[in-house]
Amino acid sequence: MKDIAKLGVILLIITSISAVVLGFTNNLTLPYIEKQAKEANNLARQEVLPDANEFEKIDINIESSLVQEIYKGLNGSELVGYTIKTTPKGYSGEIEVMVGIGVDGTIHGVNIGNHTETPGLGAKASDDEFKNQYKNKEAKGDIEVIKSGIPKDDEIVSIAGATITSEAVTDGINESIRIFNEVLK
């Protein structure tokens with residue numbers, strides 16, 4: 001019985017030391033992680049709205065569980081569009097979807113950020129072949145996902161074997177279109 005108590009105390013000491021070390025490491029690396037995330041978001045904004053050279057966060061109250069942030073994109077003092085970041089639920093978890101919509105009402109670009117989709121299937125949402133389907137589509141109504149064939153102006157072809165991911169990304173983009181039309185336009 002004494003041996004079990006002794007082992008329990010030793011285990012408690014080891015786990016306590018491990019917890020302190022992990023906490024210290026987390027505090028030490030947190031600023032670097034936040035800086036990397038901020039830089040990644042800035043690059044994503046520039047990718048989806050390339051005509052903008054400056055971005056300003058818009059703080060508005062939106063009733064949407066998907067929308068994480070909205071920025072207006074400026075070229076000098078001229079408004080060129082908006083970037084809207086959403087996090088729809090994909091097959092394996094949330095997918096960060098950033099879309100750039102120009103003041104002309106067209107989608108200028110899509111960026112897929114952090115996600116946990118299946119490599120080789122849902123992860124293909126990050127590929128240009130999939131993302132570029134949204135480019136130059138009008139942000140006037142919902143975009144539909146089709147499984148095969150030639151898409152119409154308001155359609156995109158899903159990733160083979162990853163329909164849930166394709167629909168999730170499209171849900172995020174459709175929410176961005178809705179916000180653009182109802183709030184930002």
# chains A, B, ... in the order shown; residues from 1 in each chain; ligands from 1
$ closest_atom_pairs --of "range 40-116 of chain A" --to "range 151-165 of chain A" --cutoff "12 Å" --atoms "only C-alpha atoms" --output "tab-separated table"
residue	atom	partner	partner_atom	distance
A:Thr87	CA	A:Thr165	CA	11.9
A:Pro88	CA	A:Thr165	CA	9.3
A:Lys89	CA	A:Thr165	CA	8.2
A:Gly90	CA	A:Thr165	CA	4.9
A:Tyr91	CA	A:Ile164	CA	5.7
A:Ser92	CA	A:Thr165	CA	8.6
A:Gly93	CA	A:Thr165	CA	9.6
A:Glu94	CA	A:Thr165	CA	9.8
A:Ile95	CA	A:Thr165	CA	8.5
A:Glu96	CA	A:Thr165	CA	11.5
A:Val97	CA	A:Thr165	CA	11.3
A:Thr106	CA	A:Asp153	CA	11.8
A:Ile107	CA	A:Asp154	CA	11.7
A:Ile112	CA	A:Thr165	CA	11.2
A:His115	CA	A:Thr165	CA	10.2
A:Thr116	CA	A:Thr165	CA	10.4
$ select_by_dssp --residues "range 64-177 of chain A" --states "strand (DSSP E or B)" --output "MDAnalysis selection string"
chainID A and resid 67:75 78:86 89 94 97:102 106:112 138 144:146 155:157
$ write_last_selection --atoms "N, CA and C atoms" --output "compact mmCIF listing (two decimals), in the first residue's frame"
# COMPACT_ATOMS: atom_id res chain seq x y z
N VAL A 67 -19.36 34.56 -39.31
CA VAL A 67 -18.48 35.69 -39.60
C VAL A 67 -17.56 35.98 -38.42
N GLN A 68 -16.26 35.98 -38.69
CA GLN A 68 -15.26 36.24 -37.66
C GLN A 68 -14.73 37.67 -37.71
N GLU A 69 -14.53 38.20 -38.92
CA GLU A 69 -14.01 39.56 -39.06
C GLU A 69 -14.33 40.10 -40.44
N ILE A 70 -14.41 41.44 -40.49
CA ILE A 70 -14.63 42.14 -41.75
C ILE A 70 -13.65 43.30 -41.82
N TYR A 71 -12.99 43.42 -42.97
CA TYR A 71 -12.08 44.54 -43.20
C TYR A 71 -12.49 45.23 -44.49
N LYS A 72 -12.34 46.55 -44.52
CA LYS A 72 -12.50 47.24 -45.79
C LYS A 72 -11.12 47.41 -46.40
N GLY A 73 -11.04 47.22 -47.69
CA GLY A 73 -9.78 47.35 -48.41
C GLY A 73 -9.71 48.68 -49.12
N LEU A 74 -8.62 49.39 -48.91
CA LEU A 74 -8.44 50.71 -49.49
C LEU A 74 -7.22 50.74 -50.39
N ASN A 75 -7.31 51.55 -51.43
CA ASN A 75 -6.16 51.87 -52.26
C ASN A 75 -6.01 53.38 -52.15
N GLU A 78 -9.33 55.45 -51.57
CA GLU A 78 -10.43 54.86 -52.34
C GLU A 78 -10.78 53.47 -51.83
N LEU A 79 -12.06 53.26 -51.54
CA LEU A 79 -12.56 51.95 -51.12
C LEU A 79 -12.60 51.04 -52.35
N VAL A 80 -11.90 49.89 -52.27
CA VAL A 80 -11.90 48.96 -53.40
C VAL A 80 -12.69 47.68 -53.10
N GLY A 81 -13.00 47.43 -51.84
CA GLY A 81 -13.78 46.24 -51.50
C GLY A 81 -13.67 45.87 -50.05
N TYR A 82 -14.09 44.64 -49.76
CA TYR A 82 -14.12 44.14 -48.39
C TYR A 82 -13.55 42.73 -48.34
N THR A 83 -12.95 42.40 -47.22
CA THR A 83 -12.58 41.01 -46.96
C THR A 83 -13.41 40.53 -45.78
N ILE A 84 -13.96 39.36 -45.93
CA ILE A 84 -14.83 38.79 -44.89
C ILE A 84 -14.31 37.40 -44.57
N LYS A 85 -14.04 37.17 -43.29
CA LYS A 85 -13.54 35.87 -42.85
C LYS A 85 -14.65 35.13 -42.12
N THR A 86 -14.92 33.90 -42.58
CA THR A 86 -15.93 33.06 -41.96
C THR A 86 -15.30 31.74 -41.53
N LYS A 89 -18.45 24.98 -40.73
CA LYS A 89 -18.10 23.63 -40.27
C LYS A 89 -17.96 22.71 -41.46
N GLU A 94 -13.90 23.18 -38.20
CA GLU A 94 -14.07 24.48 -38.82
C GLU A 94 -13.02 24.72 -39.91
N VAL A 97 -12.37 30.55 -44.00
CA VAL A 97 -12.58 30.96 -45.39
C VAL A 97 -12.58 32.48 -45.44
N MET A 98 -11.64 33.05 -46.19
CA MET A 98 -11.62 34.49 -46.38
C MET A 98 -11.95 34.78 -47.83
N VAL A 99 -12.88 35.70 -48.03
CA VAL A 99 -13.29 36.06 -49.39
C VAL A 99 -13.15 37.56 -49.56
N GLY A 100 -12.68 37.96 -50.73
CA GLY A 100 -12.58 39.38 -51.07
C GLY A 100 -13.65 39.72 -52.08
N ILE A 101 -14.46 40.72 -51.74
CA ILE A 101 -15.53 41.17 -52.63
C ILE A 101 -15.28 42.63 -52.96
N GLY A 102 -15.17 42.93 -54.25
CA GLY A 102 -14.92 44.30 -54.69
C GLY A 102 -16.18 45.14 -54.60
N THR A 106 -18.17 41.82 -57.30
CA THR A 106 -17.63 40.55 -57.77
C THR A 106 -16.65 39.99 -56.75
N ILE A 107 -16.55 38.68 -56.73
CA ILE A 107 -15.60 38.02 -55.85
C ILE A 107 -14.23 38.12 -56.50
N HIS A 108 -13.28 38.71 -55.78
CA HIS A 108 -11.93 38.90 -56.32
C HIS A 108 -11.01 37.75 -55.94
N GLY A 109 -11.33 37.04 -54.87
CA GLY A 109 -10.48 35.93 -54.48
C GLY A 109 -10.99 35.23 -53.23
N VAL A 110 -10.49 34.01 -53.03
CA VAL A 110 -10.84 33.19 -51.87
C VAL A 110 -9.56 32.61 -51.30
N ASN A 111 -9.45 32.62 -49.98
CA ASN A 111 -8.31 32.01 -49.30
C ASN A 111 -8.84 31.03 -48.27
N ILE A 112 -8.26 29.85 -48.24
CA ILE A 112 -8.61 28.85 -47.23
C ILE A 112 -7.48 28.84 -46.21
N GLU A 138 -20.38 36.89 -59.49
CA GLU A 138 -21.10 38.03 -58.93
C GLU A 138 -21.59 37.69 -57.53
N GLU A 144 -24.16 27.71 -55.78
CA GLU A 144 -24.54 26.32 -55.56
C GLU A 144 -23.36 25.40 -55.87
N VAL A 145 -23.35 24.23 -55.23
CA VAL A 145 -22.32 23.22 -55.46
C VAL A 145 -22.93 22.10 -56.29
N ILE A 146 -22.27 21.77 -57.41
CA ILE A 146 -22.70 20.63 -58.21
C ILE A 146 -21.59 19.58 -58.17
N GLU A 155 -22.65 28.55 -59.98
CA GLU A 155 -22.32 27.20 -59.51
C GLU A 155 -20.81 26.98 -59.52
N ILE A 156 -20.38 26.03 -58.68
CA ILE A 156 -19.01 25.53 -58.71
C ILE A 156 -19.08 24.01 -58.63
N VAL A 157 -18.02 23.35 -59.09
CA VAL A 157 -17.96 21.89 -59.05
C VAL A 157 -17.26 21.48 -57.76
$ select_by_dssp --residues "range 92-146 of chain A" --states "helix (DSSP H, G or I)" --output "list of chain:residue names"
A:Gly122, A:Ala123, A:Lys124, A:Ala125, A:Ser126, A:Asp128, A:Glu129, A:Phe130, A:Lys131
